[in-house]
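As provided, upload30.tsv (TSV, C-alpha atoms and all ligand atoms) reads as follows.
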chain	number	residue	atom	x	y	z
M	1	MET	CA	13.97	17.83	-3.18
M	2	THR	CA	10.52	16.29	-3.59
M	3	ILE	CA	9.04	14.20	-0.80
M	4	ALA	CA	6.36	11.68	-1.74
M	5	ILE	CA	3.52	11.00	0.69
M	6	LEU	CA	1.85	7.72	-0.14
M	7	SER	CA	-1.18	5.96	1.38
M	8	ALA	CA	-3.43	3.12	0.32
M	9	LEU	CA	-6.82	4.71	1.08
M	10	PRO	CA	-8.12	8.30	0.84
M	11	GLU	CA	-8.93	8.40	4.59
M	12	GLU	CA	-5.26	7.79	5.33
M	13	GLN	CA	-4.32	11.14	3.77
M	14	GLY	CA	-7.00	13.23	5.45
M	15	GLY	CA	-7.08	16.78	4.13
M	16	LEU	CA	-3.51	16.91	2.82
M	17	ALA	CA	-4.42	17.42	-0.85
M	18	ALA	CA	-6.64	20.37	0.10
M	19	ALA	CA	-3.77	21.95	2.07
M	20	LEU	CA	-1.32	21.99	-0.89
M	21	ALA	CA	-0.06	25.33	-2.17
M	22	ALA	CA	0.25	25.66	-5.97
M	23	PRO	CA	-1.56	22.34	-6.46
M	24	ARG	CA	-1.34	20.36	-9.70
M	25	GLU	CA	-3.20	17.15	-10.50
M	26	SER	CA	-2.19	14.41	-12.92
M	27	VAL	CA	-3.12	10.79	-13.64
M	28	HIS	CA	-0.65	7.98	-14.38
M	29	GLY	CA	-1.31	4.27	-14.36
M	30	GLY	CA	-4.92	4.99	-13.41
M	31	ARG	CA	-3.84	6.82	-10.26
M	32	GLN	CA	-4.27	10.42	-9.28
M	33	PHE	CA	-1.23	12.38	-8.13
M	34	HIS	CA	-1.34	15.77	-6.38
M	35	SER	CA	1.84	17.85	-6.52
M	36	GLY	CA	2.51	21.17	-4.82
M	37	THR	CA	4.16	22.49	-1.69
M	38	LEU	CA	3.35	22.04	1.99
M	39	HIS	CA	5.14	24.27	4.51
M	40	GLY	CA	7.37	25.37	1.62
M	41	GLN	CA	8.45	21.79	0.90
M	42	PRO	CA	7.85	20.31	-2.59
M	43	VAL	CA	5.62	17.25	-2.17
M	44	VAL	CA	3.68	14.80	-4.26
M	45	LEU	CA	0.71	12.95	-2.76
M	46	ALA	CA	-0.56	9.63	-4.08
M	47	LEU	CA	-3.03	6.87	-3.20
M	48	SER	CA	-1.91	3.40	-4.21
M	49	GLY	CA	-5.01	1.39	-3.44
M	50	ILE	CA	-4.70	-1.80	-1.41
M	51	GLY	CA	-1.99	-4.45	-1.73
M	52	LYS	CA	1.68	-4.95	-2.56
M	53	VAL	CA	1.47	-4.75	-6.36
M	54	ALA	CA	-0.61	-1.56	-6.27
M	55	ALA	CA	1.84	-0.04	-3.79
M	56	ALA	CA	4.91	-1.06	-5.82
M	57	ILE	CA	3.50	0.47	-9.03
M	58	THR	CA	2.70	3.71	-7.26
M	59	ALA	CA	6.06	3.96	-5.49
M	60	THR	CA	7.83	3.39	-8.83
M	61	LEU	CA	5.77	6.13	-10.50
M	62	LEU	CA	6.54	8.52	-7.64
M	63	ILE	CA	10.26	7.96	-8.10
M	64	GLU	CA	10.43	7.73	-11.91
M	65	ARG	CA	7.81	10.30	-12.94
M	66	PHE	CA	7.84	12.72	-10.06
M	67	GLY	CA	11.51	12.52	-9.04
M	68	ALA	CA	10.61	11.74	-5.42
M	69	ARG	CA	13.83	11.63	-3.39
M	70	GLN	CA	12.24	10.58	-0.10
M	71	LEU	CA	9.06	8.61	0.44
M	72	VAL	CA	6.79	8.42	3.47
M	73	PHE	CA	3.96	5.90	3.65
M	74	THR	CA	1.24	6.87	6.11
M	75	GLY	CA	-1.69	4.59	6.88
M	76	VAL	CA	-3.30	2.11	9.26
M	77	ALA	CA	-2.37	-1.44	10.28
M	78	GLY	CA	-3.41	-4.34	12.47
M	79	GLY	CA	-1.55	-4.69	15.80
M	80	LEU	CA	0.46	-7.90	16.33
M	81	GLY	CA	2.85	-6.99	19.17
M	82	ASP	CA	1.58	-7.76	22.69
M	83	GLU	CA	1.77	-4.09	23.72
M	84	VAL	CA	0.48	-2.64	20.47
M	85	ARG	CA	-3.07	-1.36	20.92
M	86	VAL	CA	-5.68	0.30	18.75
M	87	GLY	CA	-4.77	4.00	18.47
M	88	ASP	CA	-1.01	3.41	18.93
M	89	VAL	CA	1.45	4.47	16.25
M	90	VAL	CA	4.13	2.18	14.81
M	91	VAL	CA	7.09	3.55	12.85
M	92	ALA	CA	8.88	0.81	10.92
M	93	GLU	CA	12.53	0.10	11.53
M	94	HIS	CA	12.37	-2.82	9.05
M	95	MET	CA	9.73	-4.38	6.81
M	96	LEU	CA	9.20	-8.04	5.86
M	97	GLN	CA	6.88	-9.68	3.30
M	98	HIS	CA	5.08	-12.29	5.39
M	99	ASP	CA	3.51	-14.01	2.36
M	100	MET	CA	6.81	-14.46	0.49
M	101	ASP	CA	7.65	-18.16	0.54
M	102	ALA	CA	9.92	-19.69	-2.13
M	103	SER	CA	11.08	-22.42	0.27
M	104	PRO	CA	12.77	-24.83	0.07
M	105	ILE	CA	14.71	-23.16	-2.74
M	106	PHE	CA	15.14	-19.98	-0.70
M	107	PRO	CA	14.66	-19.51	3.03
M	108	ARG	CA	11.10	-18.63	4.03
M	109	TRP	CA	10.40	-14.85	3.71
M	110	GLU	CA	13.63	-14.17	1.79
M	111	LEU	CA	13.10	-12.14	-1.40
M	112	PRO	CA	14.39	-14.55	-4.07
M	113	GLY	CA	17.60	-13.48	-5.74
M	114	THR	CA	18.32	-10.68	-3.28
M	115	GLY	CA	19.52	-12.50	-0.17
M	116	ARG	CA	17.28	-10.11	1.81
M	117	THR	CA	14.48	-10.83	4.24
M	118	LEU	CA	14.37	-7.57	6.19
M	119	LEU	CA	13.99	-4.36	4.21
M	120	ASP	CA	15.43	-1.32	5.97
M	121	CYS	CA	13.64	1.95	6.47
M	122	ASP	CA	15.68	5.14	6.55
M	123	SER	CA	16.79	5.90	10.11
M	124	VAL	CA	16.99	9.69	9.72
M	125	LEU	CA	13.53	9.99	8.20
M	126	SER	CA	12.10	7.52	10.73
M	127	THR	CA	13.62	9.47	13.62
M	128	LEU	CA	12.02	12.67	12.33
M	129	ILE	CA	8.65	10.90	12.18
M	130	LEU	CA	9.04	9.46	15.67
M	131	ARG	CA	9.76	12.97	16.95
M	132	ALA	CA	6.85	14.45	15.01
M	133	ALA	CA	4.52	11.77	16.42
M	134	ARG	CA	5.64	12.45	19.99
M	135	ALA	CA	5.15	16.16	19.51
M	136	CYS	CA	1.79	16.21	17.77
M	137	LEU	CA	-0.31	13.26	18.92
M	138	PRO	CA	-2.47	13.62	22.02
M	139	GLY	CA	-1.09	12.01	25.19
M	140	ALA	CA	1.63	10.17	23.28
M	141	THR	CA	4.11	8.26	25.41
M	142	ASP	CA	7.09	6.17	24.50
M	143	GLN	CA	6.80	2.45	24.52
M	144	ASN	CA	9.20	2.11	27.47
M	145	ASP	CA	7.91	5.02	29.47
M	146	HIS	CA	5.78	3.39	32.15
M	147	GLU	CA	5.70	6.50	34.34
M	148	THR	CA	3.18	8.40	32.29
M	149	THR	CA	-0.54	7.67	32.29
M	150	PRO	CA	-1.19	5.42	29.37
M	151	GLY	CA	-2.10	7.47	26.34
M	152	LEU	CA	-1.37	6.25	22.90
M	153	GLN	CA	2.03	4.64	22.58
M	154	ILE	CA	4.59	5.07	19.85
M	155	HIS	CA	6.53	1.97	18.80
M	156	HIS	CA	9.54	1.48	16.55
M	157	GLY	CA	10.26	-1.95	15.08
M	158	LEU	CA	9.24	-4.57	12.55
M	159	ILE	CA	6.10	-4.20	10.40
M	160	VAL	CA	5.11	-7.05	8.09
M	161	SER	CA	3.12	-6.86	4.85
M	162	GLY	CA	1.18	-9.36	2.77
M	163	ASP	CA	-1.78	-9.53	0.43
M	164	ARG	CA	-4.28	-10.48	3.14
M	165	PHE	CA	-6.48	-8.53	5.50
M	166	VAL	CA	-5.66	-10.44	8.70
M	167	SER	CA	-9.00	-10.68	10.45
M	168	THR	CA	-9.07	-13.70	12.72
M	169	ALA	CA	-7.29	-14.30	16.02
M	170	ALA	CA	-6.21	-17.71	14.70
M	171	GLU	CA	-4.48	-16.16	11.71
M	172	SER	CA	-2.72	-13.44	13.63
M	173	ASP	CA	-1.61	-15.98	16.30
M	174	ALA	CA	-0.12	-18.17	13.58
M	175	LEU	CA	1.58	-15.24	11.88
M	176	ARG	CA	3.07	-13.98	15.14
M	177	ALA	CA	4.14	-17.44	16.32
M	178	GLY	CA	5.81	-18.35	13.01
M	179	LEU	CA	7.78	-15.12	12.85
M	180	ARG	CA	8.74	-15.22	16.54
M	181	ALA	CA	9.99	-18.79	16.20
M	182	ALA	CA	12.38	-17.49	13.52
M	183	GLY	CA	13.58	-14.63	15.76
M	184	TYR	CA	11.41	-11.82	14.37
M	185	ASN	CA	9.15	-9.69	16.54
M	186	PRO	CA	6.39	-8.26	14.35
M	187	LEU	CA	4.61	-5.22	15.83
M	188	ALA	CA	2.02	-4.71	13.10
M	189	VAL	CA	0.64	-6.18	9.88
M	190	GLU	CA	-0.55	-4.33	6.78
M	191	MET	CA	-0.68	-4.80	3.02
M	192	GLU	CA	1.69	-2.34	1.28
M	193	GLY	CA	4.72	-1.16	3.26
M	194	ALA	CA	7.21	-3.92	2.45
M	195	ALA	CA	6.55	-3.54	-1.28
M	196	VAL	CA	7.25	0.18	-1.01
M	197	ALA	CA	10.43	-0.51	0.98
M	198	GLN	CA	11.56	-2.98	-1.69
M	199	VAL	CA	11.07	-0.46	-4.52
M	200	CYS	CA	12.76	2.30	-2.53
M	201	GLY	CA	15.66	-0.04	-1.69
M	202	ASP	CA	16.15	-0.88	-5.37
M	203	TYR	CA	16.23	2.83	-6.29
M	204	GLY	CA	18.27	3.95	-3.27
M	205	VAL	CA	15.44	6.28	-2.18
M	206	PRO	CA	15.12	6.67	1.62
M	207	CYS	CA	11.69	5.63	2.87
M	208	ALA	CA	9.73	5.59	6.11
M	209	ILE	CA	6.53	3.75	6.96
M	210	VAL	CA	4.22	5.01	9.71
M	211	ARG	CA	1.04	3.20	10.67
M	212	THR	CA	-1.69	3.95	13.18
M	213	ILE	CA	-3.18	0.78	14.64
M	214	SER	CA	-6.79	0.44	13.49
M	215	ASP	CA	-7.48	-3.08	14.79
M	216	ARG	CA	-5.79	-6.04	16.46
M	217	ALA	CA	-5.89	-8.28	13.34
M	218	ASP	CA	-8.36	-10.51	15.23
M	219	ASP	CA	-12.01	-11.52	14.93
M	220	ALA	CA	-13.14	-7.92	15.55
M	221	ALA	CA	-10.70	-6.49	13.00
M	222	HIS	CA	-13.20	-5.74	10.29
M	223	ARG	CA	-15.52	-3.77	12.58
M	224	ASP	CA	-12.65	-1.93	14.34
M	225	PHE	CA	-10.90	-1.16	11.04
M	226	THR	CA	-13.95	0.42	9.42
M	227	ARG	CA	-14.79	2.63	12.39
M	228	PHE	CA	-11.20	3.66	13.06
M	229	VAL	CA	-10.40	4.57	9.47
M	230	ARG	CA	-13.50	6.72	9.26
M	231	GLU	CA	-13.17	8.46	12.63
M	232	VAL	CA	-9.47	8.68	13.51
M	233	ALA	CA	-7.00	7.76	10.77
M	234	SER	CA	-7.32	10.90	8.70
M	235	ARG	CA	-6.82	13.23	11.66
M	236	TYR	CA	-3.67	11.40	12.77
M	237	SER	CA	-2.18	11.40	9.28
M	238	ASP	CA	-2.88	15.08	8.79
M	239	ARG	CA	-1.22	16.03	12.04
M	240	LEU	CA	1.77	13.76	11.57
M	241	ILE	CA	2.56	14.84	8.04
M	242	HIS	CA	2.17	18.54	8.84
M	243	ALA	CA	4.47	18.13	11.86
M	244	LEU	CA	7.00	16.21	9.77
M	245	LEU	CA	7.08	18.81	7.01
M	246	ARG	CA	7.41	21.63	9.54
M	247	ALA	CA	10.41	19.74	10.96
M	248	PHE	CA	11.90	19.57	7.44
M	249	THR	CA	11.39	23.31	7.01
M	250	ASP	CA	13.17	23.93	10.33
M	251	LEU	CA	16.11	21.78	9.19
M	252	ARG	CA	16.64	23.82	6.02
Q	301	LIG	N1	-12.20	-5.05	4.51
Q	301	LIG	C1	-11.54	-3.78	4.34
Q	301	LIG	C2	-10.31	-4.04	3.57
Q	301	LIG	C3	-9.29	-3.00	3.85
Q	301	LIG	S1	-7.75	-3.68	3.69
Q	301	LIG	C4	-12.49	-2.77	3.71
Q	301	LIG	O1	-13.63	-2.85	4.03
Q	301	LIG	O2	-12.10	-1.90	2.92
Q	301	LIG	C5	-6.96	-2.95	5.05
Q	301	LIG	C6	-6.08	-1.78	4.73
Q	301	LIG	O3	-5.58	-1.27	5.95
Q	301	LIG	C7	-4.85	-2.15	3.93
Q	301	LIG	O4	-4.45	-1.07	3.12
Q	301	LIG	C8	-3.81	-2.50	5.00
Q	301	LIG	O5	-2.53	-1.97	4.72
Q	301	LIG	C9	-4.34	-1.90	6.30
Q	301	LIG	N2	-4.69	-2.83	7.39
Q	301	LIG	C10	-5.34	-2.44	8.52
Q	301	LIG	N3	-5.57	-3.50	9.32
Q	301	LIG	C11	-5.07	-4.60	8.70
Q	301	LIG	C12	-5.05	-5.99	9.03
Q	301	LIG	N4	-5.61	-6.44	10.14
Q	301	LIG	N5	-4.47	-6.85	8.14
Q	301	LIG	C13	-3.93	-6.39	6.99
Q	301	LIG	N6	-3.94	-5.07	6.63
Q	301	LIG	C14	-4.50	-4.18	7.46
Kindly present the structure from the file in structure tokens form.
Ligand code: SAH
Amino acid sequence: MTIAILSALPEEQGGLAAALAAPRESVHGGRQFHSGTLHGQPVVLALSGIGKVAAAITATLLIERFGARQLVFTGVAGGLGDEVRVGDVVVAEHMLQHDMDASPIFPRWELPGTGRTLLDCDSVLSTLILRAARACLPGATDQNDHETTPGLQIHHGLIVSGDRFVSTAAESDALRAGLRAAGYNPLAVEMEGAAVAQVCGDYGVPCAIVRTISDRADDAAHRDFTRFVREVASRYSDRLIHALLRAFTDLR
């Protein structure tokens, strides 16, 4: 069973392509795909580029062309939750497209014609990733564990996506306030995950989205993002995906 590992940017996949056994490269839709095995598990790696359309095309190709039966998105995101800090990890329980607005015909954020606002991530796959993150990231503590010295924290909840790099405090305040007023508690914002979750939902392919927080989606976001992606993101992704695939191998 092939697992697809998808990211937007090359830094978000670290050295995974170089670690593949029996590697094969191919190009579809202007994108490069790397297939092979990692820890004995058949995988296909892909970079979507930035944004929902790019991510949806790539997820579709992974399922249709490469027969991916599970999909994991690994990347970075801006923190929106009060307790979500740079360096923390957020695993999505649900995704929402924060720039979807066909109101007043459909409720705000609902995907027209589907009756859905929240897109589910697979709970089994997400649990494996949460476990892998706890096991492999330095000083990781659970969100509710106040006993331990604060290291990086691992959160599980709502991640929202839209075609905007959220880079002012005013914009992230508005985004957070609007969603909270409607009963949603967004932990992080990024630009691809909800599109991937929509494609996977349509195909019945389990998916998980894991994001390391690169910035707080505020006025310093651009500076923080650039430094974080260069210095930290690739190491985290590498460790997480290796730990996840080792967990898969142990399950077989
Ligand atoms: N200005 C940046 C643009 C990168 S877009 C550059 O110089 O390249 C940011 C990427 O990281 C997207 O793939 C998105 O999913 C994620 N991301 C990180 N922080 C984000 C934020 N504050 N808002 C939206 N997406 C963010």
Considering all atoms listed in the file, state which residue in the set M:Ala182, M:Leu244, M:Val90, M:Ala217 is at the smallest distance from ligand LIG 301 (chain Q).
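Of M:Ala182, M:Leu244, M:Val90, M:Ala217, the one nearest ligand LIG 301 (chain Q) is M:Ala217, counting all atoms listed in the file.
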Which polymer residues have any atom within 8 Å of an atom of M:Phe228, counting all atoms listed in the file, with same-chain residues fewer than 4 positions away left out, as a ChimeraX atom specification?
/M:214-215,224,232-233
Could you give me, as an NGL selection string, every polymer residue with an atom at most 8 Å away from an atom of ligand LIG 301 (chain Q), counting only C-alpha atoms and all ligand atoms?
:M and (7-9 or 49-51 or 75-79 or 161-167 or 189-193 or 213-218 or 221-222 or 225-226)
Contacts of stretch 55-62 of chain M at 10 Å (only C-alpha atoms; same-chain gap of 2+ positions) as a ChimeraX atom specification
/M:2-8,28-33,44-53,64-71,73,191-200,202-203
Determine, counting all atoms listed in the file, which protein, DNA and RNA residues have an atom within 6 Å of an atom of stretch 169-180 of chain M; residues of the same chain fewer than 3 positions away are not included. Present the result as a VMD selection string.
chain M and resid 183 to 185 218 to 219
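Put simply, atom CA of M:His34 is 8.3 Å away from atom CA of M:Leu20.
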How many Å separate atom CA of M:Met95 from atom CA of M:Asp120?
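Atom-to-atom, atom CA of M:Met95 to atom CA of M:Asp120, that is 6.5 Å.
Of note, atom CA of M:Leu158 and atom CA of M:Asp238 are spaced 23.4 Å apart.
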Shell around M:Ile129 at 8 Å using all atoms listed in the file, local window under 6 positions removed, as a PyMOL selection string
chain M and resi 91+210+240+244
Please produce a file of the residues just selected, as a PDB file, in the coordinates of the input, where the atoms kept are C-alpha atoms.
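The resulting result_36.pdb:
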ATOM      1  CA  VAL M  91       7.090   3.550  12.850  1.00  0.00           C
ATOM      2  CA  VAL M 210       4.220   5.010   9.710  1.00  0.00           C
ATOM      3  CA  LEU M 240       1.770  13.760  11.570  1.00  0.00           C
ATOM      4  CA  LEU M 244       7.000  16.210   9.770  1.00  0.00           C
TER       5      LEU M 244
END
Near M:Leu38, within 7 Å and counting all atoms listed in the file, which residues show up once chain neighbours fewer than 3 positions away are dropped, as a list in words?
Leu20, Ala21, Gln41, Pro42 and Val43 of chain M
Could you check the closest approach to M:His39 for each of M:Val27, M:Leu16, M:Leu130, M:Met100 and tell me which residue wins, using only C-alpha atoms?
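Smallest distance to M:His39 is found for M:Leu16.
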Kindly extract all protein, DNA and RNA residues lying within 7 Å of the coordinates (-5.2, 3.0, 17.5) given in the file, considering only C-alpha atoms, and supply them as a VMD selection string.
chain M and resid 85 to 89 212 to 214
From the list M:Ala243, M:Val124, M:Ala188, M:Met1, which residue is nearest M:Asp82 when using only C-alpha atoms?
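Closest to M:Asp82, using only C-alpha atoms: M:Ala188.
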Please produce stretch 116-134 of chain M, completed to N, CA, C and O atoms, as a JSON list (two decimals), in the frame of the given file.
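New file out-v2.json:
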[["chain", "number", "residue", "atom", "x", "y", "z"],
["M", 116, "ARG", "N", 17.82, -10.98, 0.75],
["M", 116, "ARG", "CA", 17.28, -10.11, 1.81],
["M", 116, "ARG", "C", 15.93, -10.60, 2.32],
["M", 116, "ARG", "O", 15.08, -11.01, 1.53],
["M", 117, "THR", "N", 15.77, -10.53, 3.63],
["M", 117, "THR", "CA", 14.48, -10.83, 4.24],
["M", 117, "THR", "C", 13.92, -9.54, 4.86],
["M", 117, "THR", "O", 12.76, -9.20, 4.67],
["M", 118, "LEU", "N", 14.80, -8.84, 5.59],
["M", 118, "LEU", "CA", 14.37, -7.57, 6.19],
["M", 118, "LEU", "C", 14.72, -6.42, 5.26],
["M", 118, "LEU", "O", 15.84, -6.35, 4.74],
["M", 119, "LEU", "N", 13.76, -5.55, 5.04],
["M", 119, "LEU", "CA", 13.99, -4.36, 4.21],
["M", 119, "LEU", "C", 14.10, -3.17, 5.16],
["M", 119, "LEU", "O", 13.22, -2.95, 5.99],
["M", 120, "ASP", "N", 15.19, -2.42, 5.03],
["M", 120, "ASP", "CA", 15.43, -1.32, 5.97],
["M", 120, "ASP", "C", 14.62, -0.08, 5.63],
["M", 120, "ASP", "O", 14.47, 0.26, 4.47],
["M", 121, "CYS", "N", 14.19, 0.61, 6.67],
["M", 121, "CYS", "CA", 13.64, 1.95, 6.47],
["M", 121, "CYS", "C", 14.74, 2.94, 6.84],
["M", 121, "CYS", "O", 15.67, 2.60, 7.57],
["M", 122, "ASP", "N", 14.63, 4.15, 6.32],
["M", 122, "ASP", "CA", 15.68, 5.14, 6.55],
["M", 122, "ASP", "C", 15.65, 5.62, 8.01],
["M", 122, "ASP", "O", 14.60, 6.04, 8.50],
["M", 123, "SER", "N", 16.81, 5.59, 8.68],
["M", 123, "SER", "CA", 16.79, 5.90, 10.11],
["M", 123, "SER", "C", 16.61, 7.39, 10.36],
["M", 123, "SER", "O", 15.95, 7.77, 11.34],
["M", 124, "VAL", "N", 17.13, 8.24, 9.49],
["M", 124, "VAL", "CA", 16.99, 9.69, 9.72],
["M", 124, "VAL", "C", 15.52, 10.11, 9.56],
["M", 124, "VAL", "O", 14.94, 10.76, 10.44],
["M", 125, "LEU", "N", 14.93, 9.67, 8.46],
["M", 125, "LEU", "CA", 13.53, 9.99, 8.20],
["M", 125, "LEU", "C", 12.62, 9.40, 9.30],
["M", 125, "LEU", "O", 11.69, 10.05, 9.79],
["M", 126, "SER", "N", 12.92, 8.17, 9.69],
["M", 126, "SER", "CA", 12.10, 7.52, 10.73],
["M", 126, "SER", "C", 12.22, 8.25, 12.06],
["M", 126, "SER", "O", 11.24, 8.39, 12.80],
["M", 127, "THR", "N", 13.43, 8.72, 12.38],
["M", 127, "THR", "CA", 13.62, 9.47, 13.62],
["M", 127, "THR", "C", 12.81, 10.77, 13.60],
["M", 127, "THR", "O", 12.19, 11.15, 14.60],
["M", 128, "LEU", "N", 12.81, 11.44, 12.44],
["M", 128, "LEU", "CA", 12.02, 12.67, 12.33],
["M", 128, "LEU", "C", 10.53, 12.39, 12.55],
["M", 128, "LEU", "O", 9.82, 13.15, 13.21],
["M", 129, "ILE", "N", 10.07, 11.25, 12.02],
["M", 129, "ILE", "CA", 8.65, 10.90, 12.18],
["M", 129, "ILE", "C", 8.34, 10.53, 13.63],
["M", 129, "ILE", "O", 7.31, 10.93, 14.17],
["M", 130, "LEU", "N", 9.25, 9.81, 14.26],
["M", 130, "LEU", "CA", 9.04, 9.46, 15.67],
["M", 130, "LEU", "C", 8.91, 10.74, 16.50],
["M", 130, "LEU", "O", 8.03, 10.86, 17.35],
["M", 131, "ARG", "N", 9.80, 11.69, 16.22],
["M", 131, "ARG", "CA", 9.76, 12.97, 16.95],
["M", 131, "ARG", "C", 8.46, 13.72, 16.66],
["M", 131, "ARG", "O", 7.83, 14.25, 17.58],
["M", 132, "ALA", "N", 8.07, 13.74, 15.39],
["M", 132, "ALA", "CA", 6.85, 14.45, 15.01],
["M", 132, "ALA", "C", 5.65, 13.81, 15.72],
["M", 132, "ALA", "O", 4.77, 14.50, 16.23],
["M", 133, "ALA", "N", 5.64, 12.48, 15.79],
["M", 133, "ALA", "CA", 4.52, 11.77, 16.42],
["M", 133, "ALA", "C", 4.45, 12.11, 17.91],
["M", 133, "ALA", "O", 3.38, 12.38, 18.45],
["M", 134, "ARG", "N", 5.62, 12.12, 18.55],
["M", 134, "ARG", "CA", 5.64, 12.45, 19.99],
["M", 134, "ARG", "C", 5.13, 13.85, 20.23],
["M", 134, "ARG", "O", 4.45, 14.13, 21.22]]
